[in-house]
Amino acid sequence: MTVREVIEKIKEGSGVKIPDGQTCDILTAGNPDMDVVKIGTTFMATVDVIREAAAQGINFIITHEPTWFNGSDKTGWVEEDPVYLEKKKLMEEYGMAVWRYHDHMHMGHEDQIYTGFEEEFGWKEYRVPVADTKKYGENKPEAEQFWTRFGGIYKIPQTTLRGLAQFFKERAHMEVVQIVGNPDMTAEKVSVLVGGGSLGLGREEAPMVQMFREDIDVVICGDITEWTLSAYVRDAAMMGMNKGMLVLGHERSEEWGMKYLTKWTESVTGGIPTVFLDAGEPFTYL
(Lines give C-alpha, C1' and ligand atoms only; values in the text may rest on other atoms or scores of the structure.)
Protein backbone atom coordinates (compact mmCIF):
# COMPACT_ATOMS: atom_id res chain seq x y z
CA MET A 1 0.00 0.00 0.00
CA THR A 2 1.35 3.43 -0.91
CA VAL A 3 1.47 6.54 1.27
CA ARG A 4 -1.40 7.99 -0.76
CA GLU A 5 -3.50 4.87 -0.29
CA VAL A 6 -2.84 4.73 3.46
CA ILE A 7 -3.91 8.37 3.79
CA GLU A 8 -7.15 7.71 1.94
CA LYS A 9 -7.89 4.65 4.09
CA ILE A 10 -7.38 6.66 7.28
CA LYS A 11 -9.52 9.54 6.06
CA GLU A 12 -12.26 7.11 5.09
CA GLY A 13 -12.00 5.36 8.46
CA SER A 14 -12.34 8.63 10.34
CA GLY A 15 -15.89 8.98 9.09
CA VAL A 16 -15.63 12.58 7.94
CA LYS A 17 -14.96 14.12 4.53
CA ILE A 18 -13.09 17.43 4.52
CA PRO A 19 -12.18 19.08 1.19
CA ASP A 20 -8.40 19.21 0.67
CA GLY A 21 -8.33 23.00 0.57
CA GLN A 22 -10.12 23.25 3.91
CA THR A 23 -7.87 21.09 6.09
CA CYS A 24 -4.35 21.12 7.49
CA ASP A 25 -4.18 17.34 7.02
CA ILE A 26 -1.55 17.37 4.29
CA LEU A 27 1.58 15.46 3.29
CA THR A 28 4.42 17.59 4.65
CA ALA A 29 7.32 15.45 3.41
CA GLY A 30 8.01 12.49 1.17
CA ASN A 31 6.67 10.76 -1.92
CA PRO A 32 2.94 9.95 -1.90
CA ASP A 33 3.55 6.99 -4.23
CA MET A 34 6.15 5.33 -2.00
CA ASP A 35 5.24 1.92 -0.59
CA VAL A 36 4.67 1.99 3.15
CA VAL A 37 6.74 -0.53 5.08
CA LYS A 38 6.01 0.51 8.65
CA ILE A 39 4.08 3.41 10.22
CA GLY A 40 4.89 5.52 13.26
CA THR A 41 2.32 7.69 15.04
CA THR A 42 3.34 10.70 17.09
CA PHE A 43 2.20 14.07 18.41
CA MET A 44 4.94 15.82 16.42
CA ALA A 45 7.59 14.75 13.91
CA THR A 46 10.55 16.25 15.74
CA VAL A 47 14.12 15.50 14.68
CA ASP A 48 14.44 12.94 17.48
CA VAL A 49 11.20 11.26 16.42
CA ILE A 50 12.40 11.10 12.81
CA ARG A 51 15.69 9.53 13.88
CA GLU A 52 13.92 7.00 16.09
CA ALA A 53 11.50 6.18 13.28
CA ALA A 54 14.39 5.45 10.93
CA ALA A 55 16.07 3.28 13.58
CA GLN A 56 12.87 1.22 13.84
CA GLY A 57 12.50 0.76 10.08
CA ILE A 58 9.57 3.19 9.79
CA ASN A 59 9.21 5.08 6.52
CA PHE A 60 5.86 6.82 7.11
CA ILE A 61 5.13 9.05 10.09
CA ILE A 62 1.62 10.18 11.01
CA THR A 63 1.91 13.34 13.09
CA HIS A 64 -0.89 15.20 14.85
CA GLU A 65 0.78 18.60 14.81
CA PRO A 66 2.80 20.55 12.22
CA THR A 67 6.20 19.59 10.88
CA TRP A 68 7.25 23.05 9.71
CA PHE A 69 6.60 25.23 12.77
CA ASN A 70 3.30 26.84 11.73
CA GLY A 71 -0.31 25.72 11.73
CA SER A 72 -0.71 25.26 7.99
CA ASP A 73 2.81 23.87 7.39
CA LYS A 74 3.65 26.61 4.90
CA THR A 75 7.34 26.68 4.01
CA GLY A 76 7.75 29.80 1.87
CA TRP A 77 8.91 31.83 4.86
CA VAL A 78 11.53 29.30 5.95
CA GLU A 79 13.06 27.93 2.75
CA GLU A 80 16.46 29.53 3.39
CA ASP A 81 16.50 28.78 7.12
CA PRO A 82 19.13 26.18 8.14
CA VAL A 83 16.76 24.56 10.66
CA TYR A 84 14.28 23.81 7.89
CA LEU A 85 16.94 22.79 5.39
CA GLU A 86 18.71 20.37 7.72
CA LYS A 87 15.48 18.77 8.91
CA LYS A 88 14.26 18.39 5.32
CA LYS A 89 17.61 16.88 4.33
CA LEU A 90 17.40 14.39 7.19
CA MET A 91 13.98 13.16 6.08
CA GLU A 92 15.16 12.87 2.49
CA GLU A 93 18.18 10.84 3.56
CA TYR A 94 15.93 8.46 5.47
CA GLY A 95 13.34 8.32 2.68
CA MET A 96 10.71 9.39 5.18
CA ALA A 97 7.17 10.52 4.40
CA VAL A 98 5.23 12.59 6.95
CA TRP A 99 1.48 13.25 6.93
CA ARG A 100 -0.51 15.34 9.35
CA TYR A 101 -3.65 13.78 10.82
CA HIS A 102 -5.38 16.51 12.79
CA ASP A 103 -8.74 17.75 11.52
CA HIS A 104 -10.07 14.34 10.52
CA MET A 105 -8.87 12.97 13.86
CA HIS A 106 -10.79 15.53 15.91
CA MET A 107 -13.85 15.86 13.68
CA GLY A 108 -14.61 12.26 12.76
CA HIS A 109 -17.16 9.85 14.20
CA GLU A 110 -15.16 10.08 17.43
CA ASP A 111 -12.53 12.52 18.63
CA GLN A 112 -9.66 10.04 18.67
CA ILE A 113 -7.50 12.29 20.83
CA TYR A 114 -10.07 12.07 23.64
CA THR A 115 -10.45 8.34 23.06
CA GLY A 116 -6.73 7.94 23.62
CA PHE A 117 -6.76 10.20 26.68
CA GLU A 118 -9.56 8.17 28.26
CA GLU A 119 -7.84 4.89 27.46
CA GLU A 120 -4.45 6.00 28.83
CA PHE A 121 -5.78 7.36 32.10
CA GLY A 122 -8.71 4.98 32.61
CA TRP A 123 -11.35 7.72 32.57
CA LYS A 124 -13.80 6.40 29.99
CA GLU A 125 -16.21 5.16 32.67
CA TYR A 126 -16.23 8.58 34.35
CA ARG A 127 -17.36 10.59 31.34
CA VAL A 128 -20.68 12.38 31.73
CA PRO A 129 -22.83 14.18 29.14
CA VAL A 130 -22.91 17.94 28.99
CA ALA A 131 -26.14 19.82 29.57
CA ASP A 132 -28.51 20.38 26.66
CA THR A 133 -27.92 23.81 25.15
CA LYS A 134 -31.69 24.23 24.80
CA LYS A 135 -31.91 24.27 28.55
CA TYR A 136 -30.51 27.78 28.38
CA GLY A 137 -32.43 28.90 25.33
CA GLU A 138 -31.58 28.99 21.64
CA ASN A 139 -31.03 32.73 21.74
CA LYS A 140 -28.13 32.55 24.19
CA PRO A 141 -24.78 33.93 22.96
CA GLU A 142 -22.91 31.63 20.63
CA ALA A 143 -20.17 30.90 23.19
CA GLU A 144 -22.78 29.49 25.55
CA GLN A 145 -23.90 27.03 22.87
CA PHE A 146 -20.40 26.29 21.60
CA TRP A 147 -19.11 24.98 24.94
CA THR A 148 -21.35 21.92 24.63
CA ARG A 149 -19.52 20.78 21.51
CA PHE A 150 -15.95 20.51 22.68
CA GLY A 151 -13.94 18.87 25.44
CA GLY A 152 -14.93 16.15 27.84
CA ILE A 153 -16.51 16.28 31.30
CA TYR A 154 -15.82 13.61 33.90
CA LYS A 155 -17.08 12.79 37.38
CA ILE A 156 -14.09 11.12 38.99
CA PRO A 157 -13.67 9.60 42.46
CA GLN A 158 -13.32 12.51 44.84
CA THR A 159 -9.76 13.74 45.29
CA THR A 160 -7.94 17.06 45.68
CA LEU A 161 -6.27 19.31 43.17
CA ARG A 162 -2.97 18.19 44.67
CA GLY A 163 -3.93 14.55 44.28
CA LEU A 164 -4.99 15.09 40.69
CA ALA A 165 -1.70 16.83 39.92
CA GLN A 166 0.23 13.92 41.41
CA PHE A 167 -1.82 11.44 39.39
CA PHE A 168 -0.88 13.13 36.11
CA LYS A 169 2.74 13.63 37.14
CA GLU A 170 3.05 9.89 37.60
CA ARG A 171 0.87 8.62 34.77
CA ALA A 172 1.94 11.18 32.15
CA HIS A 173 5.60 11.08 33.20
CA MET A 174 5.86 14.78 33.98
CA GLU A 175 8.44 16.54 36.12
CA VAL A 176 6.21 19.57 36.72
CA VAL A 177 2.47 20.16 36.64
CA GLN A 178 1.26 23.75 36.85
CA ILE A 179 -1.86 24.42 38.90
CA VAL A 180 -4.06 27.37 39.75
CA GLY A 181 -6.10 27.34 42.96
CA ASN A 182 -5.91 25.81 46.41
CA PRO A 183 -4.00 22.50 46.22
CA ASP A 184 -6.25 21.03 48.91
CA MET A 185 -9.55 21.92 47.23
CA THR A 186 -11.99 19.12 46.44
CA ALA A 187 -11.90 17.81 42.88
CA GLU A 188 -14.71 15.61 41.58
CA LYS A 189 -16.33 17.16 38.51
CA VAL A 190 -13.56 17.76 36.01
CA SER A 191 -13.42 19.23 32.53
CA VAL A 192 -10.68 18.12 30.13
CA LEU A 193 -9.77 20.54 27.34
CA VAL A 194 -6.82 19.05 25.51
CA GLY A 195 -4.46 20.94 23.22
CA GLY A 196 -5.89 24.29 22.19
CA GLY A 197 -9.36 23.48 23.51
CA SER A 198 -8.57 25.35 26.71
CA LEU A 199 -8.08 28.49 24.61
CA GLY A 200 -11.68 28.21 23.43
CA LEU A 201 -10.96 27.34 19.79
CA GLY A 202 -11.65 30.87 18.61
CA ARG A 203 -14.13 31.68 21.40
CA GLU A 204 -11.91 32.49 24.36
CA GLU A 205 -14.81 32.78 26.79
CA ALA A 206 -16.15 29.27 26.05
CA PRO A 207 -14.08 27.36 28.67
CA MET A 208 -15.24 29.80 31.36
CA VAL A 209 -18.86 29.48 30.27
CA GLN A 210 -18.44 25.72 30.50
CA MET A 211 -17.02 25.94 34.04
CA PHE A 212 -19.99 28.01 35.14
CA ARG A 213 -22.78 26.17 33.32
CA GLU A 214 -21.49 22.69 34.20
CA ASP A 215 -20.36 23.59 37.73
CA ILE A 216 -16.84 22.31 37.09
CA ASP A 217 -14.42 21.96 40.00
CA VAL A 218 -11.19 21.59 38.05
CA VAL A 219 -10.37 22.17 34.40
CA ILE A 220 -7.47 20.20 32.94
CA CYS A 221 -5.83 22.20 30.19
CA GLY A 222 -3.51 21.84 27.28
CA ASP A 223 -2.54 25.40 26.36
CA ILE A 224 -3.22 28.51 28.41
CA THR A 225 -3.54 32.25 27.95
CA GLU A 226 -2.77 33.89 31.27
CA TRP A 227 -5.47 36.56 31.09
CA THR A 228 -8.42 34.29 30.24
CA LEU A 229 -9.20 30.94 31.86
CA SER A 230 -6.29 30.91 34.31
CA ALA A 231 -7.17 34.45 35.46
CA TYR A 232 -10.83 33.45 35.87
CA VAL A 233 -9.93 30.40 37.97
CA ARG A 234 -7.38 32.37 39.98
CA ASP A 235 -9.88 35.08 40.88
CA ALA A 236 -12.48 32.45 41.79
CA ALA A 237 -10.01 30.71 44.09
CA MET A 238 -9.03 34.03 45.69
CA MET A 239 -12.69 34.51 46.62
CA GLY A 240 -12.88 31.08 48.25
CA MET A 241 -14.74 29.33 45.45
CA ASN A 242 -14.00 25.65 44.79
CA LYS A 243 -12.35 26.20 41.42
CA GLY A 244 -8.99 24.96 40.20
CA MET A 245 -6.94 24.41 37.07
CA LEU A 246 -4.26 21.93 36.08
CA VAL A 247 -2.02 22.47 33.05
CA LEU A 248 -0.62 19.47 31.19
CA GLY A 249 0.47 21.41 28.10
CA HIS A 250 -0.46 20.75 24.50
CA GLU A 251 1.79 17.75 23.94
CA ARG A 252 1.17 15.87 27.22
CA SER A 253 -2.58 16.31 26.85
CA GLU A 254 -2.81 15.09 23.23
CA GLU A 255 0.02 12.56 22.83
CA TRP A 256 -2.18 9.75 24.16
CA GLY A 257 -4.48 9.96 21.17
CA MET A 258 -1.52 9.13 18.95
CA LYS A 259 -0.67 6.19 21.19
CA TYR A 260 -4.23 4.89 20.86
CA LEU A 261 -4.06 5.39 17.09
CA THR A 262 -1.65 2.51 16.45
CA LYS A 263 -4.18 -0.34 16.73
CA TRP A 264 -6.84 1.61 14.89
CA THR A 265 -4.45 2.44 12.04
CA GLU A 266 -3.48 -1.20 11.64
CA SER A 267 -7.17 -2.11 11.46
CA VAL A 268 -7.92 0.31 8.62
CA THR A 269 -4.73 -0.34 6.63
CA GLY A 270 -5.01 -4.10 6.56
CA GLY A 271 -2.34 -4.75 9.18
CA ILE A 272 0.60 -2.53 8.19
CA PRO A 273 2.84 -2.59 11.31
CA THR A 274 2.26 0.59 13.29
CA VAL A 275 4.11 1.77 16.41
CA PHE A 276 3.85 4.74 18.73
CA LEU A 277 6.69 7.28 18.91
CA ASP A 278 6.41 9.52 21.96
CA ALA A 279 7.48 13.04 21.00
CA GLY A 280 7.95 13.87 24.67
CA GLU A 281 7.31 17.06 26.56
CA PRO A 282 9.00 19.98 24.77
CA PHE A 283 10.39 21.62 27.92
CA THR A 284 13.29 20.89 30.23
CA TYR A 285 12.96 22.17 33.79
CA LEU A 286 15.90 23.57 35.74
# chains A, B, ... in the order shown; residues from 1 in each chain; ligands from 1
$ closest_atom_pairs --of "segment 176-282 of chain A" --to "segment 99-116 of chain A" --cutoff "9 Å" --atoms "only C-alpha atoms" --output "JSON lines"
{"residue": "A:Val192", "atom": "CA", "partner": "A:Tyr114", "partner_atom": "CA", "distance": 8.9}
{"residue": "A:Val194", "atom": "CA", "partner": "A:Tyr114", "partner_atom": "CA", "distance": 7.9}
{"residue": "A:Ser253", "atom": "CA", "partner": "A:Ile113", "partner_atom": "CA", "distance": 8.7}
{"residue": "A:Glu254", "atom": "CA", "partner": "A:Ile113", "partner_atom": "CA", "distance": 6.0}
{"residue": "A:Glu255", "atom": "CA", "partner": "A:Ile113", "partner_atom": "CA", "distance": 7.8}
{"residue": "A:Trp256", "atom": "CA", "partner": "A:Gly116", "partner_atom": "CA", "distance": 4.9}
{"residue": "A:Gly257", "atom": "CA", "partner": "A:Ile113", "partner_atom": "CA", "distance": 3.8}
{"residue": "A:Met258", "atom": "CA", "partner": "A:Ile113", "partner_atom": "CA", "distance": 7.0}
{"residue": "A:Lys259", "atom": "CA", "partner": "A:Gly116", "partner_atom": "CA", "distance": 6.8}
{"residue": "A:Tyr260", "atom": "CA", "partner": "A:Gly116", "partner_atom": "CA", "distance": 4.8}
{"residue": "A:Leu261", "atom": "CA", "partner": "A:Gln112", "partner_atom": "CA", "distance": 7.4}
$ write_last_selection --atoms "N, CA, C and O atoms" --output "tab-separated table (two decimals), in the first residue's frame"
chain	number	residue	atom	x	y	z
A	192	VAL	N	-11.95	18.33	30.82
A	192	VAL	CA	-10.68	18.12	30.13
A	192	VAL	C	-10.75	18.83	28.78
A	192	VAL	O	-11.62	18.54	27.96
A	194	VAL	N	-8.16	19.37	25.99
A	194	VAL	CA	-6.82	19.05	25.51
A	194	VAL	C	-6.35	20.08	24.48
A	194	VAL	O	-7.14	20.80	23.87
A	253	SER	N	-1.14	16.55	26.84
A	253	SER	CA	-2.58	16.31	26.85
A	253	SER	C	-3.07	15.58	25.60
A	253	SER	O	-4.09	14.89	25.64
A	254	GLU	N	-2.33	15.68	24.49
A	254	GLU	CA	-2.81	15.09	23.23
A	254	GLU	C	-2.02	13.86	22.77
A	254	GLU	O	-2.50	13.11	21.93
A	255	GLU	N	-0.84	13.66	23.29
A	255	GLU	CA	0.02	12.56	22.83
A	255	GLU	C	-0.67	11.20	22.91
A	255	GLU	O	-0.45	10.32	22.09
A	256	TRP	N	-1.56	11.05	23.90
A	256	TRP	CA	-2.18	9.75	24.16
A	256	TRP	C	-3.13	9.33	23.05
A	256	TRP	O	-3.37	8.13	22.85
A	257	GLY	N	-3.67	10.30	22.33
A	257	GLY	CA	-4.48	9.96	21.17
A	257	GLY	C	-3.66	9.29	20.09
A	257	GLY	O	-4.13	8.37	19.40
A	258	MET	N	-2.40	9.73	19.96
A	258	MET	CA	-1.52	9.13	18.95
A	258	MET	C	-1.06	7.73	19.38
A	258	MET	O	-0.79	6.88	18.54
A	259	LYS	N	-0.99	7.52	20.68
A	259	LYS	CA	-0.67	6.19	21.19
A	259	LYS	C	-1.82	5.23	20.90
A	259	LYS	O	-1.61	4.10	20.44
A	260	TYR	N	-3.04	5.69	21.13
A	260	TYR	CA	-4.23	4.89	20.86
A	260	TYR	C	-4.34	4.57	19.37
A	260	TYR	O	-4.84	3.51	18.97
A	261	LEU	N	-3.85	5.48	18.54
A	261	LEU	CA	-4.06	5.39	17.09
A	261	LEU	C	-3.40	4.18	16.45
A	261	LEU	O	-3.79	3.78	15.35
$ residues_around --residues "segment 35-51 of chain A" --least-positions-apart "4" --cutoff "6 Å" --atoms "only C-alpha atoms" --output "ChimeraX atom specification"
/A:1-3,58-65,67,255,258,273-279
$ closest_atom_pairs --of "segment 152-197 of chain A" --to "segment 231-238 of chain A" --cutoff "10 Å" --atoms "only C-alpha atoms" --output "tab-separated table"
residue	atom	partner	partner_atom	distance
A:Ile179	CA	A:Arg234	CA	9.7
A:Val180	CA	A:Arg234	CA	6.0
A:Gly181	CA	A:Ala237	CA	5.3
A:Asn182	CA	A:Ala237	CA	6.8
A:Met185	CA	A:Ala237	CA	9.3
$ select_by_dssp --residues "segment 55-204 of chain A" --states "strand (DSSP E)" --output "PyMOL selection string"
chain A and resi 60-63+97-100+127-128+152-160+178-180+186-193
$ closest_residue --among "A:Glu214, A:Val176, A:Gly57, A:Lys263" --to "Thr284 of chain A" --atoms "only C-alpha atoms"
A:Val176
$ select_by_dssp --residues "segment 8-125 of chain A" --states "alpha helix (DSSP H)" --output "PyMOL selection string"
chain A and resi 8-14+47-55+82-94+103-107+112-121
$ atom_distance --atom1 "atom CA of Ala172 of chain A" --atom2 "atom CA of Val247 of chain A"
12.0 Å
$ atom_distance --atom1 "atom CA of Glu118 of chain A" --atom2 "atom CA of Val218 of chain A"
16.7 Å
$ closest_residue --among "A:Glu170, A:Glu86, A:Asp25, A:Glu125" --to "Val98 of chain A" --atoms "only C-alpha atoms"
A:Asp25
$ closest_residue --among "A:Ile26, A:Val130, A:Leu90, A:Ala206" --to "Asp73 of chain A" --atoms "only C-alpha atoms"
A:Ile26
$ atom_distance --atom1 "atom CA of Met241 of chain A" --atom2 "atom CA of Asp217 of chain A"
9.2 Å
$ closest_residue --among "A:Pro66, A:Asn31, A:Leu248, A:Trp77" --to "Glu175 of chain A" --atoms "only C-alpha atoms"
A:Leu248
$ closest_residue --among "A:Val268, A:Val190, A:Ile10, A:Ile156" --to "Gln210 of chain A" --atoms "only C-alpha atoms"
A:Val190
$ decode --residues "segment 176-190 of chain A" --atoms "all heavy atoms" --output "PDB file, in the first residue's frame"
ATOM      1  N   VAL A 176       6.902  18.415  36.150  1.00  0.00           N
ATOM      2  CA  VAL A 176       6.213  19.567  36.724  1.00  0.00           C
ATOM      3  C   VAL A 176       4.795  19.629  36.179  1.00  0.00           C
ATOM      4  O   VAL A 176       4.572  19.425  34.985  1.00  0.00           O
ATOM      5  CB  VAL A 176       6.948  20.885  36.363  1.00  0.00           C
ATOM      6  CG1 VAL A 176       6.146  22.085  36.834  1.00  0.00           C
ATOM      7  CG2 VAL A 176       8.344  20.903  36.985  1.00  0.00           C
ATOM      8  N   VAL A 177       3.841  19.891  37.060  1.00  0.00           N
ATOM      9  CA  VAL A 177       2.465  20.163  36.644  1.00  0.00           C
ATOM     10  C   VAL A 177       2.075  21.516  37.231  1.00  0.00           C
ATOM     11  O   VAL A 177       2.132  21.713  38.443  1.00  0.00           O
ATOM     12  CB  VAL A 177       1.489  19.073  37.135  1.00  0.00           C
ATOM     13  CG1 VAL A 177       0.050  19.471  36.810  1.00  0.00           C
ATOM     14  CG2 VAL A 177       1.811  17.728  36.493  1.00  0.00           C
ATOM     15  N   GLN A 178       1.695  22.438  36.379  1.00  0.00           N
ATOM     16  CA  GLN A 178       1.256  23.753  36.853  1.00  0.00           C
ATOM     17  C   GLN A 178      -0.190  23.671  37.333  1.00  0.00           C
ATOM     18  O   GLN A 178      -1.014  23.006  36.704  1.00  0.00           O
ATOM     19  CB  GLN A 178       1.340  24.784  35.725  1.00  0.00           C
ATOM     20  CG  GLN A 178       2.747  25.100  35.264  1.00  0.00           C
ATOM     21  CD  GLN A 178       2.725  26.065  34.095  1.00  0.00           C
ATOM     22  OE1 GLN A 178       2.300  25.730  32.986  1.00  0.00           O
ATOM     23  NE2 GLN A 178       3.157  27.296  34.334  1.00  0.00           N
ATOM     24  N   ILE A 179      -0.485  24.346  38.424  1.00  0.00           N
ATOM     25  CA  ILE A 179      -1.857  24.415  38.896  1.00  0.00           C
ATOM     26  C   ILE A 179      -2.218  25.856  39.217  1.00  0.00           C
ATOM     27  O   ILE A 179      -1.353  26.707  39.418  1.00  0.00           O
ATOM     28  CB  ILE A 179      -2.093  23.538  40.152  1.00  0.00           C
ATOM     29  CG1 ILE A 179      -1.331  24.103  41.368  1.00  0.00           C
ATOM     30  CG2 ILE A 179      -1.728  22.090  39.892  1.00  0.00           C
ATOM     31  CD1 ILE A 179      -1.752  23.482  42.688  1.00  0.00           C
ATOM     32  N   VAL A 180      -3.515  26.116  39.250  1.00  0.00           N
ATOM     33  CA  VAL A 180      -4.064  27.374  39.746  1.00  0.00           C
ATOM     34  C   VAL A 180      -5.122  26.989  40.764  1.00  0.00           C
ATOM     35  O   VAL A 180      -5.952  26.113  40.502  1.00  0.00           O
ATOM     36  CB  VAL A 180      -4.695  28.219  38.616  1.00  0.00           C
ATOM     37  CG1 VAL A 180      -5.292  29.503  39.189  1.00  0.00           C
ATOM     38  CG2 VAL A 180      -3.677  28.532  37.527  1.00  0.00           C
ATOM     39  N   GLY A 181      -5.109  27.626  41.934  1.00  0.00           N
ATOM     40  CA  GLY A 181      -6.097  27.336  42.957  1.00  0.00           C
ATOM     41  C   GLY A 181      -5.492  26.698  44.193  1.00  0.00           C
ATOM     42  O   GLY A 181      -4.286  26.443  44.266  1.00  0.00           O
ATOM     43  N   ASN A 182      -6.320  26.416  45.152  1.00  0.00           N
ATOM     44  CA  ASN A 182      -5.913  25.814  46.411  1.00  0.00           C
ATOM     45  C   ASN A 182      -5.591  24.333  46.196  1.00  0.00           C
ATOM     46  O   ASN A 182      -6.464  23.564  45.806  1.00  0.00           O
ATOM     47  CB  ASN A 182      -7.038  25.967  47.437  1.00  0.00           C
ATOM     48  CG  ASN A 182      -6.711  25.343  48.773  1.00  0.00           C
ATOM     49  OD1 ASN A 182      -5.658  24.743  48.973  1.00  0.00           O
ATOM     50  ND2 ASN A 182      -7.634  25.478  49.722  1.00  0.00           N
ATOM     51  N   PRO A 183      -4.366  23.906  46.452  1.00  0.00           N
ATOM     52  CA  PRO A 183      -4.003  22.503  46.217  1.00  0.00           C
ATOM     53  C   PRO A 183      -4.871  21.509  46.971  1.00  0.00           C
ATOM     54  O   PRO A 183      -5.016  20.355  46.539  1.00  0.00           O
ATOM     55  CB  PRO A 183      -2.549  22.429  46.704  1.00  0.00           C
ATOM     56  CG  PRO A 183      -2.042  23.832  46.631  1.00  0.00           C
ATOM     57  CD  PRO A 183      -3.221  24.704  46.949  1.00  0.00           C
ATOM     58  N   ASP A 184      -5.457  21.942  48.085  1.00  0.00           N
ATOM     59  CA  ASP A 184      -6.252  21.031  48.906  1.00  0.00           C
ATOM     60  C   ASP A 184      -7.752  21.115  48.634  1.00  0.00           C
ATOM     61  O   ASP A 184      -8.549  20.517  49.355  1.00  0.00           O
ATOM     62  CB  ASP A 184      -5.972  21.301  50.384  1.00  0.00           C
ATOM     63  CG  ASP A 184      -4.511  21.035  50.739  1.00  0.00           C
ATOM     64  OD1 ASP A 184      -3.975  20.012  50.282  1.00  0.00           O
ATOM     65  OD2 ASP A 184      -3.896  21.873  51.430  1.00  0.00           O
ATOM     66  N   MET A 185      -8.135  21.836  47.589  1.00  0.00           N
ATOM     67  CA  MET A 185      -9.546  21.924  47.226  1.00  0.00           C
ATOM     68  C   MET A 185     -10.062  20.563  46.790  1.00  0.00           C
ATOM     69  O   MET A 185      -9.314  19.702  46.319  1.00  0.00           O
ATOM     70  CB  MET A 185      -9.758  22.943  46.102  1.00  0.00           C
ATOM     71  CG  MET A 185      -9.089  22.557  44.785  1.00  0.00           C
ATOM     72  SD  MET A 185      -9.710  23.469  43.351  1.00  0.00           S
ATOM     73  CE  MET A 185     -11.275  22.633  43.061  1.00  0.00           C
ATOM     74  N   THR A 186     -11.358  20.360  46.884  1.00  0.00           N
ATOM     75  CA  THR A 186     -11.989  19.120  46.441  1.00  0.00           C
ATOM     76  C   THR A 186     -12.108  19.103  44.921  1.00  0.00           C
ATOM     77  O   THR A 186     -12.498  20.089  44.304  1.00  0.00           O
ATOM     78  CB  THR A 186     -13.385  18.981  47.063  1.00  0.00           C
ATOM     79  OG1 THR A 186     -13.260  18.953  48.482  1.00  0.00           O
ATOM     80  CG2 THR A 186     -14.076  17.711  46.576  1.00  0.00           C
ATOM     81  N   ALA A 187     -11.783  17.974  44.331  1.00  0.00           N
ATOM     82  CA  ALA A 187     -11.902  17.811  42.881  1.00  0.00           C
ATOM     83  C   ALA A 187     -12.718  16.566  42.584  1.00  0.00           C
ATOM     84  O   ALA A 187     -12.341  15.457  42.979  1.00  0.00           O
ATOM     85  CB  ALA A 187     -10.519  17.711  42.241  1.00  0.00           C
ATOM     86  N   GLU A 188     -13.851  16.741  41.940  1.00  0.00           N
ATOM     87  CA  GLU A 188     -14.708  15.608  41.582  1.00  0.00           C
ATOM     88  C   GLU A 188     -15.263  15.769  40.169  1.00  0.00           C
ATOM     89  O   GLU A 188     -15.167  14.861  39.351  1.00  0.00           O
ATOM     90  CB  GLU A 188     -15.841  15.459  42.584  1.00  0.00           C
ATOM     91  CG  GLU A 188     -16.694  14.231  42.350  1.00  0.00           C
ATOM     92  CD  GLU A 188     -17.717  14.005  43.448  1.00  0.00           C
ATOM     93  OE1 GLU A 188     -18.045  14.973  44.180  1.00  0.00           O
ATOM     94  OE2 GLU A 188     -18.204  12.865  43.573  1.00  0.00           O
ATOM     95  N   LYS A 189     -15.834  16.928  39.861  1.00  0.00           N
ATOM     96  CA  LYS A 189     -16.330  17.160  38.506  1.00  0.00           C
ATOM     97  C   LYS A 189     -15.259  17.922  37.737  1.00  0.00           C
ATOM     98  O   LYS A 189     -14.900  19.051  38.091  1.00  0.00           O
ATOM     99  CB  LYS A 189     -17.641  17.941  38.517  1.00  0.00           C
ATOM    100  CG  LYS A 189     -18.361  17.872  37.165  1.00  0.00           C
ATOM    101  CD  LYS A 189     -19.764  18.429  37.227  1.00  0.00           C
ATOM    102  CE  LYS A 189     -20.479  18.210  35.895  1.00  0.00           C
ATOM    103  NZ  LYS A 189     -21.822  18.836  35.867  1.00  0.00           N
ATOM    104  N   VAL A 190     -14.751  17.274  36.701  1.00  0.00           N
ATOM    105  CA  VAL A 190     -13.562  17.759  36.013  1.00  0.00           C
ATOM    106  C   VAL A 190     -13.839  17.914  34.520  1.00  0.00           C
ATOM    107  O   VAL A 190     -14.461  17.055  33.892  1.00  0.00           O
ATOM    108  CB  VAL A 190     -12.390  16.771  36.217  1.00  0.00           C
ATOM    109  CG1 VAL A 190     -11.171  17.194  35.423  1.00  0.00           C
ATOM    110  CG2 VAL A 190     -12.055  16.655  37.702  1.00  0.00           C
TER     111      VAL A 190
END
